[in-house]
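Dropping my_file_27.cif in here (mmCIF, C-alpha atoms):
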data_entry
loop_
_atom_site.label_atom_id
_atom_site.label_comp_id
_atom_site.auth_asym_id
_atom_site.auth_seq_id
_atom_site.Cartn_x
_atom_site.Cartn_y
_atom_site.Cartn_z
CA MET A 335 10.28 -4.84 -3.81
CA SER A 336 11.22 -8.49 -4.35
CA GLY A 337 14.37 -8.06 -2.22
CA GLN A 338 12.31 -6.71 0.66
CA ALA A 339 9.82 -9.56 0.35
CA ASP A 340 12.53 -12.13 1.13
CA GLY A 341 14.74 -10.05 3.44
CA PRO A 342 15.58 -10.84 7.09
CA GLY A 343 13.85 -7.71 8.40
CA ARG A 344 10.51 -8.86 7.06
CA ARG A 345 10.98 -12.40 8.36
CA THR A 346 11.77 -10.96 11.77
CA LEU A 347 8.58 -8.93 11.71
CA LEU A 348 6.45 -11.95 10.86
CA THR A 349 8.18 -14.14 13.44
CA GLY A 350 7.79 -11.49 16.14
CA ALA A 351 4.09 -11.08 15.45
CA THR A 352 3.55 -14.84 15.57
CA SER A 353 5.51 -15.14 18.83
CA LEU A 354 3.53 -12.36 20.44
CA ALA A 355 0.26 -14.06 19.54
CA ALA A 356 1.51 -17.37 20.96
CA VAL A 357 2.62 -15.83 24.26
CA CYS A 358 -0.65 -14.01 24.69
CA LEU A 359 -2.68 -17.14 23.98
CA VAL A 360 -0.99 -18.80 26.95
CA GLY A 361 -1.23 -16.01 29.51
CA CYS A 362 -3.90 -13.52 28.44
CA SER A 363 -7.69 -13.35 28.38
CA SER A 364 -9.43 -13.47 24.99
CA ALA A 365 -9.98 -9.69 25.09
CA GLU A 366 -6.31 -9.10 25.86
CA VAL A 367 -5.29 -11.38 23.00
CA MET A 368 -7.40 -9.41 20.57
CA ASN A 369 -6.06 -6.08 21.82
CA GLU A 370 -2.45 -7.25 21.57
CA MET A 371 -2.96 -8.56 18.05
CA HIS A 372 -4.44 -5.25 16.97
CA LYS A 373 -1.58 -3.31 18.58
CA ALA A 374 0.97 -5.42 16.74
CA ALA A 375 -0.58 -4.91 13.29
CA PRO A 376 1.93 -3.69 10.69
CA ALA A 377 1.70 -0.22 9.21
CA SER A 378 0.55 0.24 5.65
CA LEU A 379 3.28 0.54 3.06
CA THR A 380 1.74 3.92 2.18
CA GLY A 381 2.03 5.24 5.73
CA PRO A 382 0.88 4.60 9.30
CA SER A 383 -2.75 3.67 9.87
CA PRO A 384 -4.80 6.74 10.91
CA GLY A 385 -5.45 6.66 14.63
CA THR A 386 -8.07 9.40 15.00
CA PRO A 387 -11.53 9.87 13.49
CA LYS A 388 -10.43 12.97 11.58
CA ALA A 389 -7.30 11.35 10.14
CA ALA A 390 -9.25 8.25 9.11
CA TYR A 391 -11.97 10.38 7.53
CA GLU A 392 -9.43 12.44 5.59
CA ARG A 393 -7.67 9.28 4.36
CA LEU A 394 -10.94 7.89 3.02
CA MET A 395 -11.99 11.13 1.36
CA GLU A 396 -8.57 11.49 -0.28
CA GLY A 397 -9.07 8.00 -1.67
CA ASN A 398 -12.50 8.90 -3.01
CA LYS A 399 -11.06 11.96 -4.69
CA ARG A 400 -8.55 9.72 -6.46
CA TRP A 401 -11.43 7.47 -7.55
CA VAL A 402 -13.38 10.41 -8.97
CA THR A 403 -10.37 11.88 -10.82
CA ASN A 404 -8.97 8.52 -12.00
CA ALA A 405 -5.72 9.07 -10.10
CA LEU A 406 -5.88 5.70 -8.34
CA GLN A 407 -2.98 4.38 -6.27
CA HIS A 408 -4.34 0.85 -5.65
CA PRO A 409 -2.40 0.82 -2.35
CA ASP A 410 -1.39 -2.30 -0.47
CA ARG A 411 -2.83 -4.84 -2.89
CA ASP A 412 0.07 -7.23 -3.32
CA PRO A 413 1.42 -10.47 -1.81
CA THR A 414 3.80 -8.59 0.48
CA ARG A 415 0.94 -6.75 2.16
CA ARG A 416 -1.10 -9.96 2.32
CA GLU A 417 1.71 -11.75 4.14
CA LEU A 418 2.31 -8.87 6.55
CA LEU A 419 -1.35 -8.98 7.55
CA ALA A 420 -1.59 -12.74 7.91
CA ALA A 421 -1.12 -12.65 11.70
CA ASN A 422 -3.11 -9.54 12.61
CA GLN A 423 -4.91 -6.42 11.38
CA GLN A 424 -5.82 -2.90 12.42
CA PRO A 425 -8.37 -1.39 10.00
CA TYR A 426 -8.86 2.35 10.42
CA GLY A 427 -12.43 2.39 9.09
CA ALA A 428 -15.65 0.37 9.10
CA VAL A 429 -18.00 0.89 6.15
CA LEU A 430 -21.60 -0.25 6.08
CA SER A 431 -22.88 -0.07 2.52
CA CYS A 432 -25.41 -1.59 0.15
CA ILE A 433 -24.87 -4.90 -1.66
CA ASP A 434 -25.05 -3.09 -5.01
CA SER A 435 -22.28 -4.33 -7.34
CA ARG A 436 -21.53 -0.76 -8.45
CA VAL A 437 -20.58 0.44 -4.95
CA PRO A 438 -17.60 -1.57 -3.64
CA PRO A 439 -16.20 0.48 -0.73
CA GLU A 440 -12.62 -0.71 -1.23
CA LEU A 441 -12.65 0.75 -4.76
CA VAL A 442 -14.77 3.82 -4.02
CA PHE A 443 -12.22 4.87 -1.37
CA ASP A 444 -9.13 3.47 -3.19
CA THR A 445 -8.05 1.40 -0.18
CA GLY A 446 -6.01 -1.78 0.22
CA LEU A 447 -5.81 -4.93 2.30
CA GLY A 448 -6.21 -4.33 6.00
CA ASP A 449 -7.70 -0.84 5.69
CA LEU A 450 -11.44 -1.43 6.12
CA PHE A 451 -13.99 -3.62 7.81
CA VAL A 452 -16.81 -3.82 5.24
CA MET A 453 -20.42 -4.84 5.90
CA ARG A 454 -22.99 -4.87 3.09
CA SER A 455 -26.75 -5.34 3.15
CA GLY A 456 -29.58 -4.54 0.77
CA GLY A 457 -30.52 -0.87 1.12
CA VAL A 458 -28.16 -0.60 4.12
CA ALA A 459 -30.78 -2.45 6.14
CA VAL A 460 -29.66 -3.25 9.67
CA GLY A 461 -30.42 -5.81 12.35
CA PRO A 462 -28.55 -7.32 15.31
CA ILE A 463 -25.99 -9.24 13.22
CA ILE A 464 -25.18 -6.27 10.98
CA THR A 465 -25.01 -3.92 13.96
CA GLY A 466 -22.73 -6.32 15.82
CA SER A 467 -20.47 -6.55 12.78
CA VAL A 468 -20.23 -2.75 12.61
CA GLU A 469 -19.44 -2.59 16.34
CA TYR A 470 -16.65 -5.16 16.08
CA GLY A 471 -13.84 -2.86 14.92
CA PRO A 472 -14.47 0.08 17.28
CA MET A 473 -15.17 -2.14 20.29
CA THR A 474 -12.32 -4.65 19.92
CA GLY A 475 -9.59 -2.82 18.04
CA GLY A 476 -10.18 0.90 18.39
CA THR A 477 -11.28 1.51 14.78
CA PRO A 478 -11.92 5.28 14.87
CA LEU A 479 -14.39 5.71 12.00
CA ILE A 480 -17.69 4.24 10.84
CA VAL A 481 -19.16 5.28 7.49
CA VAL A 482 -22.75 4.42 6.57
CA LEU A 483 -22.79 4.64 2.78
CA GLY A 484 -26.01 4.79 0.77
CA HIS A 485 -26.13 5.37 -2.95
CA GLN A 486 -28.03 6.80 -5.90
CA ARG A 487 -30.73 4.69 -7.60
CA CYS A 488 -30.77 1.96 -4.98
CA GLY A 489 -32.85 -0.96 -6.26
CA ALA A 490 -33.44 -2.39 -2.79
CA VAL A 491 -34.81 0.91 -1.52
CA SER A 492 -36.99 1.38 -4.60
CA ALA A 493 -38.45 -2.12 -4.22
CA ALA A 494 -39.04 -1.61 -0.49
CA TYR A 495 -40.74 1.74 -1.08
CA LYS A 496 -43.11 0.24 -3.64
CA ALA A 497 -43.89 -2.79 -1.48
CA LEU A 498 -44.66 -0.68 1.59
CA ARG A 499 -46.68 1.87 -0.36
CA GLU A 500 -48.82 -0.74 -2.10
CA GLY A 501 -49.02 -3.14 0.84
CA LYS A 502 -47.74 -6.02 -1.30
CA PRO A 503 -45.00 -7.99 0.48
CA LEU A 504 -41.83 -8.84 -1.38
CA PRO A 505 -41.08 -12.54 -1.95
CA GLY A 506 -39.10 -14.64 0.49
CA ASN A 507 -36.80 -12.88 2.93
CA LEU A 508 -36.73 -9.75 0.79
CA GLN A 509 -39.68 -8.55 2.85
CA ALA A 510 -37.39 -8.46 5.90
CA ILE A 511 -35.37 -5.78 4.08
CA ALA A 512 -38.52 -3.78 3.41
CA GLU A 513 -39.53 -3.96 7.07
CA ALA A 514 -36.07 -2.85 8.18
CA LEU A 515 -36.46 0.19 5.91
CA ARG A 516 -39.96 1.05 7.16
CA PRO A 517 -38.83 3.96 9.42
CA ALA A 518 -37.11 5.58 6.43
CA TYR A 519 -40.23 4.96 4.35
CA GLU A 520 -42.48 6.58 6.94
CA GLN A 521 -40.20 9.60 7.16
CA THR A 522 -40.24 9.90 3.37
CA VAL A 523 -44.04 9.81 3.26
CA ARG A 524 -44.20 12.63 5.80
CA GLU A 525 -41.82 14.74 3.71
CA SER A 526 -43.77 14.26 0.45
CA SER A 527 -40.73 14.22 -1.83
CA ALA A 528 -40.69 14.54 -5.63
CA ASP A 529 -38.27 11.58 -5.77
CA PRO A 530 -39.36 9.37 -2.87
CA ALA A 531 -36.96 6.48 -3.50
CA GLU A 532 -33.97 8.82 -3.44
CA THR A 533 -35.28 10.61 -0.37
CA MET A 534 -35.87 7.27 1.35
CA ALA A 535 -32.34 6.07 0.56
CA ARG A 536 -30.85 9.20 2.12
CA ALA A 537 -33.18 8.94 5.12
CA GLN A 538 -32.13 5.32 5.70
CA VAL A 539 -28.46 6.26 5.77
CA LYS A 540 -28.98 9.10 8.25
CA LEU A 541 -31.30 7.10 10.49
CA THR A 542 -28.82 4.23 10.59
CA ALA A 543 -25.90 6.52 11.41
CA ASP A 544 -27.95 8.20 14.14
CA ALA A 545 -28.85 4.82 15.64
CA LEU A 546 -25.21 3.68 15.66
CA ARG A 547 -24.05 6.96 17.17
CA GLY A 548 -26.53 6.63 19.98
CA ASN A 549 -26.42 2.92 20.70
CA ARG A 550 -25.43 1.72 24.15
CA ASP A 551 -21.99 0.43 23.20
CA LEU A 552 -20.82 2.99 20.65
CA ALA A 553 -22.21 6.17 22.24
CA PRO A 554 -19.48 6.34 24.94
CA LEU A 555 -16.78 6.15 22.23
CA VAL A 556 -18.50 8.90 20.26
CA SER A 557 -18.76 11.04 23.41
CA LYS A 558 -15.03 10.64 24.02
CA ARG A 559 -14.37 11.60 20.38
CA VAL A 560 -12.37 8.46 19.73
CA LEU A 561 -15.04 7.35 17.24
CA ALA A 562 -16.99 9.21 14.57
CA VAL A 563 -20.02 7.86 12.71
CA VAL A 564 -20.50 9.48 9.31
CA SER A 565 -23.48 9.17 6.97
CA ALA A 566 -22.62 9.48 3.29
CA TYR A 567 -24.18 9.10 -0.15
CA TYR A 568 -22.52 7.80 -3.30
CA SER A 569 -23.25 9.11 -6.79
CA LEU A 570 -23.28 6.40 -9.45
CA ASP A 571 -22.93 9.12 -12.08
CA THR A 572 -19.78 10.82 -10.76
CA GLY A 573 -18.26 8.37 -8.26
CA GLN A 574 -18.23 11.09 -5.60
CA VAL A 575 -19.10 10.44 -1.97
CA GLU A 576 -21.25 13.20 -0.48
CA ILE A 577 -21.13 13.58 3.30
CA LEU A 578 -24.58 13.97 4.83
CA ASP A 579 -23.60 14.39 8.49
CA GLY A 580 -21.18 13.40 11.21
CA ALA A 581 -17.88 14.43 9.61
CA PRO A 582 -15.29 14.73 12.41
CA ALA A 583 -14.00 18.24 13.07
#
Would it be possible to restate this file's structure as structure tokens?
Amino acid sequence: MSGQADGPGRRTLLTGATSLAAVCLVGCSSAEVMNEMHKAAPASLTGPSPGTPKAAYERLMEGNKRWVTNALQHPDRDPTRRELLAANQQPYGAVLSCIDSRVPPELVFDTGLGDLFVMRSGGVAVGPIITGSVEYGPMTGGTPLIVVLGHQRCGAVSAAYKALREGKPLPGNLQAIAEALRPAYEQTVRESSADPAETMARAQVKLTADALRGNRDLAPLVSKRVLAVVSAYYSLDTGQVEILDGAPA
């Protein structure tokens, strides 16, 4: 590995990527620059980056299986990969998950540098900035997969449920999270669940995935089947990711 890190082939690759970026900056529009940089992104050392929703989905689920069974590969987490990605990137997935410290997507799916765009918010709450961040990969670089990942025993959802049920606002900007989760809360109340916080967490994930699938900018990509939006739920007990809906055929 150390011989490859200093070899001429690798230096040529880095130089070529840098030159391409420089040429484009002179003669291309900003959109063209971004597209060219994504096209030039190096392949993972574990194989080419998945280019279809199904291939990206299968890559992520294989990684989660390794996480569950403790057969981790820890792919592409070394200085060589870092240097190869310094000029450009081409992530094959975008994951929107909760801020919970027990649910890091890069570990849950056993991925490496350059594999995922990751957005995290309390309870998977969304707003314009979060939505724009999720849209970035599919709209600028052709990222073929979005995963909205909720999880078991979500503290943000539990707090929001209690605040909305009792009509007692949460302190500071935490109330903004509760308000963002209100549609999931209202759906949960209508369903009269035995475990309302868990039901609300699942509802939030599915509602968010539905909204992304149908939004003005992502819906055309979904219709063309170049993008899939998957809702999923993570078990803190087992480490397994359960797919709720949207898995690409």
Problem - Residue among A:Pro530, A:Gly506, A:Gly466, A:Pro582 lying closest to A:Cys488, counting all atoms listed in the file - result: A:Pro530
Practice task
For stretch 399-406 of chain A, please output as a ChimeraX atom specification all residues within 8 Å (counting only C-alpha atoms; exclusion window: fewer than 2 positions along the same chain).
Solution key: /A:395-397,408,441-444,572-574
Problem - Answer key for the PyMOL selection byres ((chain A and resi 489) around 12), residues as an MDAnalysis selection string - result: chainID A and resid 432:436 456:458 484:488 490:496 508 511:512 531:532 534:535
Practice task
Taking the file as shown, find all residues satisfying the PyMOL selection byres ((chain A and resi 385) around 9) and write them as a VMD selection string.
Solution key: chain A and resid 382 to 384 386 to 390 426 476 to 478 560
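In this structure, atom CA of A:Arg393 sits 11.9 Å away from atom CA of A:Gly446.
Atom pair atom CA of A:Gly381 / atom CA of A:Ala583: separated by 21.9 Å.
For the choices A:Leu546, A:Ala428, A:Leu483, A:Ala562, the atom-to-atom distance to A:Thr465 is smallest for A:Leu546 when using all atoms listed in the file.
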Practice task
Choose the residue, out of A:Gln538, A:Gln509, A:Ser527, A:Thr533, that has the smallest atom-to-atom separation from A:Val482; count all atoms listed in the file.
Solution key: A:Gln538
Exercise for the section: Find the residue from A:Ala459, A:Ala537, A:Val481, A:Val429 that sits nearest to A:Ala566; use all atoms listed in the file when measuring. Expected result: A:Val481
Exercise for the section: Go ahead and compute the interatomic distance for atom CA of A:Leu541 and atom CA of A:Ser565, in Å to one decimal. Expected result: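 Atom-to-atom, atom CA of A:Leu541 to atom CA of A:Ser565, that is 8.8 Å.
Closest to A:Asp412 among A:Gly501, A:Gly448, A:Leu515, A:Leu578 is A:Gly448, based on all atoms listed in the file.
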Exercise for the section: Could you check which of A:Ala518, A:Val452, A:Leu394, A:Leu430 is closest to A:Arg536, using all atoms listed in the file? Expected result: A:Ala518
Practice task
For the structure shown, which residues end up in the PyMOL selection byres ((chain A and resi 471) around 9)? Put them as a ChimeraX atom specification, please?
Solution key: /A:424-428,451,467-470,472-478
